[in-house]
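Coordinates from upload-v3.cif are shown below (mmCIF, C-alpha atoms and all ligand atoms).
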```cif
data_protein
loop_
_atom_site.label_atom_id
_atom_site.label_comp_id
_atom_site.auth_asym_id
_atom_site.auth_seq_id
_atom_site.Cartn_x
_atom_site.Cartn_y
_atom_site.Cartn_z
CA MET A 20 -13.76 -27.63 -8.14
CA THR A 21 -17.16 -28.20 -9.75
CA HIS A 22 -17.47 -25.42 -12.33
CA THR A 23 -15.29 -23.17 -14.51
CA ARG A 24 -14.72 -20.12 -12.42
CA THR A 25 -15.69 -16.72 -13.78
CA VAL A 26 -14.13 -13.30 -13.28
CA LEU A 27 -15.35 -9.91 -14.42
CA VAL A 28 -12.51 -7.44 -15.00
CA ILE A 29 -13.71 -3.81 -14.99
CA GLY A 30 -11.27 -1.64 -16.97
CA GLY A 31 -8.95 -2.52 -19.83
CA GLY A 32 -5.79 -0.59 -18.95
CA THR A 33 -2.40 -2.05 -18.07
CA ALA A 34 -3.64 -3.89 -14.98
CA GLY A 35 -6.96 -5.14 -16.37
CA ASN A 36 -5.55 -6.31 -19.70
CA GLY A 37 -2.58 -8.02 -18.04
CA LEU A 38 -4.83 -9.74 -15.50
CA ALA A 39 -7.32 -10.90 -18.15
CA VAL A 40 -4.55 -12.68 -20.08
CA LEU A 41 -2.99 -14.26 -16.97
CA LEU A 42 -6.38 -15.56 -15.76
CA ARG A 43 -7.19 -17.01 -19.17
CA LYS A 44 -3.83 -18.81 -19.16
CA ALA A 45 -4.98 -20.43 -15.91
CA GLY A 46 -8.22 -21.62 -17.56
CA ILE A 47 -10.42 -19.09 -15.77
CA ASP A 48 -13.36 -17.57 -17.71
CA VAL A 49 -12.98 -13.81 -18.12
CA ASP A 50 -15.34 -11.03 -19.15
CA LEU A 51 -13.71 -7.60 -19.50
CA VAL A 52 -15.63 -4.35 -19.78
CA GLU A 53 -13.93 -1.11 -20.77
CA ALA A 54 -15.59 2.30 -20.59
CA LYS A 55 -13.84 3.78 -23.63
CA ALA A 56 -15.11 2.72 -27.04
CA ASP A 57 -11.56 3.03 -28.47
CA TRP A 58 -10.05 0.96 -25.60
CA ASN A 59 -7.76 3.88 -24.74
CA VAL A 60 -5.20 3.44 -27.51
CA HIS A 61 -3.45 6.77 -27.01
CA GLY A 62 -1.34 8.67 -24.51
CA SER A 63 2.19 9.80 -24.04
CA GLY A 64 5.30 7.67 -23.49
CA ILE A 65 5.97 5.25 -20.67
CA THR A 66 9.12 4.05 -18.92
CA THR A 67 8.70 0.31 -18.37
CA GLN A 68 11.33 -0.93 -15.95
CA GLY A 69 12.66 -4.47 -15.62
CA ASN A 70 10.14 -5.59 -13.00
CA ALA A 71 7.31 -4.51 -15.36
CA LEU A 72 9.03 -6.28 -18.27
CA ARG A 73 9.24 -9.45 -16.17
CA VAL A 74 5.42 -9.45 -15.90
CA LEU A 75 4.98 -8.59 -19.58
CA ARG A 76 7.11 -11.66 -20.33
CA GLU A 77 4.76 -13.80 -18.19
CA ILE A 78 1.83 -12.34 -20.11
CA GLY A 79 3.60 -13.49 -23.28
CA VAL A 80 4.27 -10.14 -24.97
CA TRP A 81 7.94 -9.48 -24.21
CA GLU A 82 9.11 -10.05 -27.81
CA GLU A 83 6.63 -7.48 -29.13
CA VAL A 84 7.57 -4.99 -26.41
CA GLU A 85 11.26 -5.46 -27.19
CA LYS A 86 10.60 -4.96 -30.91
CA LEU A 87 8.55 -1.76 -30.64
CA GLY A 88 10.22 -0.12 -27.64
CA PHE A 89 13.71 1.24 -26.96
CA GLY A 90 15.74 -0.68 -24.38
CA PHE A 91 18.59 0.82 -22.36
CA ASP A 92 20.55 0.25 -19.15
CA ALA A 93 21.71 3.66 -17.91
CA LEU A 94 20.33 6.85 -16.40
CA GLY A 95 22.01 10.20 -17.08
CA ILE A 96 21.93 13.21 -14.79
CA THR A 97 22.56 16.48 -16.60
CA ALA A 98 22.86 20.16 -15.78
CA PRO A 99 20.08 22.31 -17.26
CA ASP A 100 22.40 23.29 -20.15
CA GLY A 101 22.67 19.60 -21.13
CA THR A 102 26.16 18.96 -19.68
CA VAL A 103 26.22 15.34 -18.51
CA LEU A 104 27.12 15.31 -14.79
CA HIS A 105 27.10 11.56 -14.33
CA VAL A 106 25.72 8.35 -15.76
CA ASP A 107 24.53 5.57 -13.47
CA ALA A 108 24.12 1.96 -14.50
CA HIS A 109 20.38 1.38 -13.98
CA HIS A 110 19.24 -1.57 -11.84
CA ARG A 111 18.05 -4.57 -13.81
CA THR A 112 14.97 -5.04 -11.64
CA GLY A 113 13.60 -7.77 -13.92
CA GLY A 114 16.75 -9.88 -13.66
CA PRO A 115 19.92 -10.06 -15.75
CA ASP A 116 18.20 -11.25 -18.94
CA LEU A 117 15.95 -8.19 -19.31
CA PRO A 118 17.06 -4.59 -19.87
CA SER A 119 16.71 -2.10 -17.02
CA VAL A 120 14.21 -0.07 -19.01
CA VAL A 121 12.25 -0.18 -22.23
CA GLY A 122 10.80 3.19 -23.21
CA MET A 123 7.55 2.86 -25.18
CA GLN A 124 4.74 4.82 -26.72
CA ARG A 125 1.73 4.15 -24.46
CA ALA A 126 -0.43 3.45 -27.52
CA ASP A 127 2.01 0.71 -28.61
CA LEU A 128 1.96 -0.95 -25.18
CA GLN A 129 -1.84 -0.74 -25.07
CA ARG A 130 -2.14 -2.22 -28.60
CA ILE A 131 0.18 -5.11 -27.66
CA LEU A 132 -1.87 -5.88 -24.53
CA ILE A 133 -5.18 -5.56 -26.41
CA ASP A 134 -3.99 -8.09 -29.00
CA ALA A 135 -2.98 -10.45 -26.17
CA VAL A 136 -6.42 -10.08 -24.53
CA ARG A 137 -8.12 -10.80 -27.88
CA ARG A 138 -5.94 -13.90 -28.40
CA SER A 139 -6.62 -15.10 -24.85
CA GLY A 140 -10.31 -15.70 -25.50
CA ALA A 141 -11.54 -13.24 -22.87
CA ARG A 142 -14.93 -11.79 -23.83
CA VAL A 143 -14.56 -8.02 -24.24
CA ARG A 144 -17.22 -5.32 -24.29
CA LEU A 145 -16.12 -1.76 -25.09
CA GLY A 146 -18.03 1.38 -24.21
CA THR A 147 -19.52 -0.51 -21.26
CA THR A 148 -19.45 0.18 -17.52
CA VAL A 149 -20.99 -1.38 -14.42
CA GLN A 150 -24.09 0.18 -12.91
CA GLN A 151 -24.71 -2.06 -9.94
CA LEU A 152 -22.98 -4.80 -7.94
CA GLU A 153 -24.82 -7.05 -5.51
CA GLN A 154 -22.93 -9.80 -3.76
CA ASP A 155 -23.72 -12.81 -1.61
CA ALA A 156 -21.49 -15.50 -0.13
CA SER A 157 -20.91 -17.31 -3.42
CA GLY A 158 -20.82 -14.64 -6.14
CA VAL A 159 -21.53 -11.16 -7.48
CA ASP A 160 -24.55 -10.14 -9.56
CA VAL A 161 -23.66 -7.35 -11.97
CA THR A 162 -25.86 -4.96 -13.92
CA PHE A 163 -24.07 -3.34 -16.86
CA SER A 164 -24.68 0.11 -18.38
CA ASP A 165 -26.45 -1.46 -21.39
CA GLY A 166 -28.99 -3.12 -19.08
CA THR A 167 -27.58 -6.64 -19.39
CA THR A 168 -26.70 -8.66 -16.30
CA GLY A 169 -24.20 -11.35 -15.28
CA ARG A 170 -23.08 -13.37 -12.27
CA TYR A 171 -19.39 -13.90 -11.43
CA ASP A 172 -17.32 -15.70 -8.81
CA LEU A 173 -15.14 -12.58 -8.52
CA VAL A 174 -15.14 -8.98 -9.78
CA VAL A 175 -11.84 -7.13 -10.23
CA ALA A 176 -11.82 -3.35 -10.24
CA ALA A 177 -9.08 -2.35 -12.70
CA ASP A 178 -10.81 0.92 -13.53
CA GLY A 179 -7.91 3.19 -12.66
CA LEU A 180 -7.26 6.29 -10.61
CA HIS A 181 -10.86 7.48 -10.27
CA SER A 182 -12.28 3.95 -9.91
CA ALA A 183 -16.08 4.03 -9.74
CA THR A 184 -15.99 0.45 -8.47
CA ARG A 185 -13.84 1.47 -5.49
CA ALA A 186 -16.50 3.98 -4.47
CA MET A 187 -19.30 1.45 -5.17
CA ILE A 188 -17.87 -0.98 -2.59
CA GLY A 189 -17.47 1.73 0.02
CA ILE A 190 -13.71 2.35 -0.07
CA SER A 191 -13.26 6.04 0.59
CA GLU A 192 -9.53 6.55 -0.14
CA ARG A 193 -9.02 8.53 -3.32
CA PRO A 194 -6.15 10.29 -5.12
CA GLU A 195 -4.89 13.48 -3.50
CA PRO A 196 -2.71 16.00 -5.36
CA VAL A 197 0.92 16.23 -4.19
CA GLY A 198 1.46 19.78 -5.48
CA MET A 199 3.19 19.13 -8.81
CA GLY A 200 2.11 18.99 -12.44
CA ILE A 201 3.81 17.53 -15.51
CA TRP A 202 3.89 18.61 -19.16
CA ARG A 203 4.55 15.73 -21.55
CA VAL A 204 5.07 15.50 -25.30
CA CYS A 205 5.93 12.78 -27.79
CA ALA A 206 8.55 14.00 -30.25
CA PRO A 207 11.10 12.74 -32.79
CA ARG A 208 14.19 11.24 -31.10
CA PRO A 209 17.38 13.24 -31.61
CA ALA A 210 20.16 10.75 -32.52
CA SER A 211 22.03 11.68 -29.31
CA VAL A 212 19.21 10.42 -27.04
CA GLU A 213 19.85 6.78 -26.16
CA ARG A 214 18.75 6.70 -22.51
CA THR A 215 16.75 8.74 -20.02
CA ASP A 216 18.47 11.95 -18.93
CA LEU A 217 17.14 13.99 -16.03
CA ALA A 218 18.02 17.61 -15.29
CA TYR A 219 17.46 18.84 -11.74
CA GLY A 220 18.29 22.35 -10.56
CA GLY A 221 16.79 24.32 -13.47
CA PRO A 222 13.60 26.40 -13.30
CA CYS A 223 11.47 23.21 -13.45
CA TYR A 224 11.77 20.60 -10.70
CA ILE A 225 12.69 17.99 -13.32
CA ALA A 226 13.27 18.13 -17.07
CA GLY A 227 13.64 14.72 -18.64
CA TYR A 228 13.19 12.55 -21.69
CA CYS A 229 13.05 8.84 -22.49
CA PRO A 230 13.54 7.22 -25.92
CA THR A 231 10.44 5.23 -26.91
CA GLY A 232 11.49 3.75 -30.25
CA PRO A 233 14.02 4.18 -33.04
CA ASP A 234 12.38 7.45 -34.13
CA SER A 235 10.55 8.67 -31.04
CA LEU A 236 10.88 9.83 -27.45
CA TYR A 237 8.73 11.43 -24.82
CA ALA A 238 9.89 14.50 -22.96
CA TYR A 239 8.56 16.00 -19.76
CA LEU A 240 8.82 19.03 -17.52
CA VAL A 241 7.67 18.97 -13.88
CA GLU A 242 6.63 22.18 -12.13
CA PRO A 243 4.31 23.38 -9.33
CA GLN A 244 0.70 22.25 -9.86
CA ARG A 245 -1.54 24.66 -11.77
CA ASP A 246 -5.27 25.12 -11.70
CA ARG A 247 -6.55 23.25 -14.76
CA ALA A 248 -9.45 25.71 -15.04
CA ASN A 249 -6.92 28.37 -16.07
CA LEU A 250 -5.27 26.22 -18.75
CA ASP A 251 -6.12 26.60 -22.43
CA PRO A 252 -5.23 23.45 -24.42
CA ASP A 253 -4.70 25.56 -27.56
CA THR A 254 -1.67 27.15 -25.86
CA PHE A 255 -0.09 23.89 -24.59
CA GLY A 256 2.55 23.87 -27.37
CA GLU A 257 3.81 27.38 -26.73
CA GLU A 258 3.62 26.86 -22.94
CA MET A 259 5.76 23.73 -23.08
CA ARG A 260 8.25 25.43 -25.43
CA ARG A 261 8.47 28.36 -23.01
CA LEU A 262 9.11 26.07 -20.03
CA ALA A 263 11.76 24.16 -22.04
CA GLU A 264 13.56 27.34 -23.15
CA PRO A 265 16.20 27.34 -20.34
CA TYR A 266 17.25 23.74 -21.14
CA GLY A 267 20.04 22.87 -23.59
CA GLY A 268 21.56 19.73 -25.12
CA ALA A 269 18.91 17.46 -26.69
CA TRP A 270 16.23 19.90 -25.50
CA ASP A 271 17.13 22.29 -28.37
CA GLU A 272 15.86 19.76 -30.92
CA ILE A 273 12.98 18.56 -28.74
CA ARG A 274 11.76 22.13 -28.15
CA ALA A 275 11.84 22.94 -31.87
CA SER A 276 9.63 19.91 -32.59
CA ILE A 277 6.86 20.96 -30.16
CA THR A 278 4.55 22.54 -32.70
CA ASP A 279 1.18 20.80 -32.24
CA PRO A 280 -0.59 21.71 -28.96
CA LYS A 281 -2.71 18.54 -29.26
CA LYS A 282 0.43 16.44 -28.75
CA VAL A 283 1.15 18.10 -25.39
CA ASN A 284 -0.47 16.70 -22.26
CA TYR A 285 -0.76 18.27 -18.79
CA THR A 286 -1.43 16.08 -15.72
CA VAL A 287 -1.16 16.58 -11.96
CA PHE A 288 0.70 14.19 -9.65
CA THR A 289 -1.41 12.28 -7.12
CA ARG A 290 -0.94 9.91 -4.21
CA HIS A 291 -3.24 7.37 -2.59
CA LEU A 292 -2.89 3.95 -1.03
CA VAL A 293 -5.88 1.93 0.09
CA GLU A 294 -5.07 0.58 3.57
CA GLY A 295 -6.26 -2.51 5.43
CA SER A 296 -7.38 -4.64 2.48
CA TRP A 297 -8.04 -4.20 -1.23
CA HIS A 298 -11.27 -6.17 -1.30
CA ARG A 299 -14.82 -6.07 0.02
CA GLY A 300 -16.37 -9.52 -0.21
CA ARG A 301 -15.80 -10.78 -3.75
CA VAL A 302 -14.81 -7.45 -5.32
CA VAL A 303 -11.07 -6.68 -5.34
CA LEU A 304 -8.92 -3.76 -6.54
CA VAL A 305 -5.81 -3.84 -8.72
CA GLY A 306 -3.52 -1.12 -10.08
CA ASP A 307 -4.35 2.57 -9.85
CA ALA A 308 -7.73 1.74 -8.32
CA ALA A 309 -5.77 0.66 -5.21
CA HIS A 310 -2.79 3.02 -5.31
CA SER A 311 -1.22 5.90 -7.17
CA CYS A 312 2.00 7.87 -6.87
CA PRO A 313 3.96 10.49 -8.76
CA PRO A 314 6.00 8.97 -11.61
CA THR A 315 9.30 10.02 -9.97
CA LEU A 316 10.27 6.34 -9.72
CA ALA A 317 8.42 5.39 -12.97
CA GLN A 318 6.83 2.43 -11.20
CA GLY A 319 3.02 2.93 -11.34
CA ALA A 320 2.34 0.63 -14.28
CA ALA A 321 4.97 -1.78 -12.97
CA MET A 322 3.11 -2.03 -9.64
CA SER A 323 -0.18 -2.49 -11.53
CA LEU A 324 1.26 -5.34 -13.58
CA GLU A 325 2.72 -6.93 -10.46
CA ASP A 326 -0.70 -6.69 -8.73
CA ALA A 327 -2.18 -8.55 -11.72
CA LEU A 328 0.53 -11.23 -11.60
CA VAL A 329 0.19 -11.90 -7.86
CA LEU A 330 -3.63 -11.91 -7.91
CA ALA A 331 -3.72 -14.25 -10.93
CA GLU A 332 -1.23 -16.58 -9.27
CA LEU A 333 -3.29 -16.77 -6.05
CA LEU A 334 -6.59 -17.27 -7.88
CA ALA A 335 -5.11 -19.95 -10.13
CA GLY A 336 -3.53 -21.78 -7.19
CA HIS A 337 -6.55 -21.94 -4.85
CA ASP A 338 -10.00 -23.45 -5.23
CA ASP A 339 -11.57 -21.35 -2.52
CA TRP A 340 -11.61 -17.64 -3.40
CA ASN A 341 -12.35 -16.53 0.12
CA ASP A 342 -11.59 -13.61 2.40
CA GLU A 343 -8.33 -15.21 3.53
CA LEU A 344 -7.03 -15.52 -0.03
CA LEU A 345 -7.87 -11.91 -0.93
CA THR A 346 -6.29 -10.75 2.35
CA ALA A 347 -3.15 -12.73 1.40
CA TYR A 348 -3.09 -10.84 -1.93
CA TYR A 349 -3.14 -7.49 -0.08
CA GLU A 350 -0.51 -8.61 2.41
CA ARG A 351 1.81 -9.76 -0.33
CA ARG A 352 1.47 -6.50 -2.27
CA ILE A 353 1.33 -3.81 0.41
CA PRO A 354 5.01 -3.64 1.56
CA ARG A 355 6.25 -3.36 -2.01
CA VAL A 356 3.62 -0.85 -3.14
CA ARG A 357 4.07 1.22 0.02
CA LEU A 358 7.82 1.40 -0.62
CA VAL A 359 7.18 2.77 -4.11
CA VAL A 360 4.39 5.19 -3.13
CA ASP A 361 6.33 6.58 -0.15
CA GLY A 362 9.58 6.82 -2.13
CA ALA A 363 7.96 8.54 -5.11
CA VAL A 364 6.22 11.06 -2.83
CA GLN A 365 9.43 11.63 -0.82
CA ILE A 366 11.28 12.68 -4.00
CA CYS A 367 8.51 15.24 -4.67
CA ARG A 368 8.60 16.47 -1.06
CA TRP A 369 12.35 17.10 -1.19
CA GLN A 370 11.89 19.15 -4.33
CA LEU A 371 8.85 21.06 -3.07
CA ASP A 372 10.77 21.86 0.15
CA GLY A 373 13.89 22.90 -1.77
CA VAL A 374 16.13 20.29 -0.08
CA ARG A 375 19.32 20.54 -2.13
CA ASP A 376 21.37 17.70 -0.60
CA ALA A 377 18.62 15.03 -0.65
CA ASP A 378 19.92 11.54 -1.35
CA VAL A 379 17.71 10.82 -4.39
CA PRO A 380 20.18 8.31 -5.91
CA GLY A 381 20.33 6.47 -2.53
CA LEU A 382 16.53 6.27 -2.33
CA ILE A 383 16.26 5.07 -5.93
CA GLY A 384 19.03 2.50 -5.37
CA ARG A 385 17.41 1.04 -2.23
CA THR A 386 14.00 0.90 -3.90
CA MET A 387 15.24 -0.76 -7.06
CA THR A 388 17.27 -3.31 -5.08
CA MET A 389 14.11 -4.37 -3.27
CA LEU A 390 12.06 -4.42 -6.49
CA THR A 391 14.55 -6.83 -8.03
CA GLU A 392 13.17 -9.49 -5.65
CA LEU A 393 10.23 -11.40 -7.09
CA PRO A 394 6.84 -9.83 -6.20
C1 LIG A 401 2.19 11.63 -15.57
C2 LIG A 401 2.30 10.17 -15.35
C3 LIG A 401 3.39 9.48 -15.83
C4 LIG A 401 3.53 8.10 -15.58
N1 LIG A 401 4.63 7.46 -16.03
C5 LIG A 401 4.80 6.16 -15.74
C6 LIG A 401 5.96 5.47 -16.16
O1 LIG A 401 6.81 6.03 -16.85
N2 LIG A 401 6.11 4.17 -15.81
C7 LIG A 401 5.17 3.49 -15.06
O2 LIG A 401 5.36 2.30 -14.75
N3 LIG A 401 4.04 4.12 -14.66
C8 LIG A 401 3.84 5.42 -14.98
N4 LIG A 401 2.70 6.06 -14.59
C9 LIG A 401 1.65 5.31 -13.88
C10 LIG A 401 0.80 4.47 -14.84
O3 LIG A 401 0.33 5.25 -15.90
C11 LIG A 401 -0.37 3.87 -14.08
O4 LIG A 401 0.04 3.39 -12.83
C12 LIG A 401 -1.01 2.71 -14.85
O5 LIG A 401 -1.48 3.17 -16.11
C13 LIG A 401 -2.17 2.13 -14.06
O6 LIG A 401 -2.79 1.11 -14.82
P1 LIG A 401 -4.30 0.73 -14.49
O7 LIG A 401 -4.63 -0.35 -15.47
O8 LIG A 401 -4.48 0.49 -13.05
O9 LIG A 401 -5.13 2.03 -14.84
P2 LIG A 401 -5.39 2.70 -16.26
O10 LIG A 401 -4.24 2.46 -17.17
O11 LIG A 401 -5.81 4.09 -15.99
O12 LIG A 401 -6.62 1.88 -16.86
C14 LIG A 401 -7.92 1.98 -16.33
C15 LIG A 401 -8.88 1.61 -17.45
O13 LIG A 401 -10.20 1.53 -16.90
C16 LIG A 401 -11.09 2.19 -17.77
N5 LIG A 401 -12.22 2.63 -16.95
C17 LIG A 401 -12.31 3.69 -16.12
N6 LIG A 401 -13.49 3.71 -15.49
C18 LIG A 401 -14.17 2.63 -15.95
C19 LIG A 401 -15.45 2.09 -15.65
N7 LIG A 401 -16.27 2.68 -14.77
N8 LIG A 401 -15.82 0.96 -16.28
C20 LIG A 401 -15.01 0.34 -17.20
N9 LIG A 401 -13.80 0.82 -17.49
C21 LIG A 401 -13.37 1.94 -16.87
C22 LIG A 401 -10.30 3.32 -18.37
O14 LIG A 401 -10.86 3.80 -19.57
C23 LIG A 401 -8.95 2.65 -18.56
O15 LIG A 401 -8.85 2.00 -19.81
C24 LIG A 401 2.53 7.42 -14.83
C25 LIG A 401 1.42 8.12 -14.36
C26 LIG A 401 1.30 9.48 -14.61
C27 LIG A 401 0.10 10.21 -14.08
#
```
What do you get writing this file as structure tokens?
Amino acid sequence: MTHTRTVLVIGGGTAGNGLAVLLRKAGIDVDLVEAKADWNVHGSGITTQGNALRVLREIGVWEEVEKLGFGFDALGITAPDGTVLHVDAHHRTGGPDLPSVVGMQRADLQRILIDAVRRSGARVRLGTTVQQLEQDASGVDVTFSDGTTGRYDLVVAADGLHSATRAMIGISERPEPVGMGIWRVCAPRPASVERTDLAYGGPCYIAGYCPTGPDSLYAYLVEPQRDRANLDPDTFGEEMRRLAEPYGGAWDEIRASITDPKKVNYTVFTRHLVEGSWHRGRVVLVGDAAHSCPPTLAQGAAMSLEDALVLAELLAGHDDWNDELLTAYYERRIPRVRLVVDGAVQICRWQLDGVRDADVPGLIGRTMTMLTELP
């Protein structure tokens, strides 16, 4: 190797931040550009499962995650009235020394990753996007939105679900709705909530919550997709309270705390999986830019972090960043990501089709067993 290799990471979400830190650890020069001036420090809660925690430990932030989040090892299934039907021991997909799940506030996870990126020495530019990419056999010339330019050995598109970079390199796959929408809110944690509980069989497809810290949780209700054009954000609080009305147990306290419509978020579920390869020349996709799925297995961010880990490992271990290496990245990731995307969509399908005797626990069990293997 004759020069320090350079990577441009486009997008500072879970995948981009994680990748930037892992590449810096390998001595690779990293520039990161993020469209949002506030670096996206907001959002609802997130369920980070063991296999995501395993990557966060590699990134070097496990202690902070453990401190700010809420770890647990079981999943409860309840009736809509809150009666606990059964409690399953959750798989420890990150290995025996990590909890099955740590629930977190998304803003906390983002802040932890941002601090790690800052410490890593990656050069960060906020409020910046890429306008043009031109590549040849040895590198990529980039023109940024502020008119500046740069040349990199590799460009990584970590710009999420609606990746502009994906379109720029001619990949046409994009997220498609699966027919469901989710209402989410962050709320105070009732003392009784110490794990995720899911209620199936009520008026919503799923009603659930996940503790995210000593004093907080996030709660969600999944229902048929609505037309966003007909939704008025000022009514989000009352709409979520109305949808939560038939649910009992911890939901009584959660419902009463939904007072600020600005704290309620509505999102639709999507699915996409880029097939064949995740790169064109020296531009490669990670995370939601390459794949998305409904959060019915709570694995999207976990898959994004695993993408970052595998790509960083391959780039650090090889001098020649060629087509073969980037194809090897895709081939190593695709079976695992496909399993998650197909499984997550299958759970939605069963619910949309009203299949009452679907083996959801069996599907989750098989998936989590496979995800326990190293990526
Ligand atoms: C309702 C819902 C619930 C979910 N729950 C979970 C869960 O519990 N557990 C889990 O593991 N996963 C969950 N996920 C999935 C998870 O949120 C995503 O898979 C994960 O955030 C993807 O990370 P990413 O870095 O690829 O994309 P993102 O986190 O979206 O980051 C992309 C970044 O790129 C920036 N960007 C966009 N365009 C540009 C541009 N042109 N130039 C520069 N920057 C740009 C954005 O501002 C953003 O900061 C959920 C998803 C949804 C929709």
Problem set entry | Nearby residues (all atoms listed in the file) at most 8 Å from Val120 in chain A, same-chain spacing under 3 positions excluded, as a PyMOL selection string | chain A and resi 66-69+90-92+111
Problem set entry | Within 12 Å of Phe163 in chain A using all atoms listed in the file, minus same-chain residues under 2 positions, as a PyMOL selection string | chain A and resi 27+29+50-54+144-153+160-161+165-170
Problem set entry | Near-Ile383 in chain A list (10 Å; only C-alpha atoms; drop same-chain fewer than 6 positions) as a ChimeraX atom specification | /A:109-110,315-316,359,362-363,366
Taking all atoms of ligand LIG 401 (chain A) that the file lists and extending 4 Å past them on each side, where is the centre of the axis-aligned box and how long are its edges? Answer in Å to one decimal, as JSON.
```
{"center_x": -4.7, "center_y": 5.6, "center_z": -16.3, "size_x": 31.1, "size_y": 20.0, "size_z": 15.0}
```
Exercise. Leaving out range 190-195 of chain A and any residue of its chain fewer than 2 positions from it, which residues lie within 9 Å of it when counting all atoms listed in the file, given as a PyMOL selection string?
Worked result: chain A and resi 180-182+184-188+197+288-294+297-299+308-312
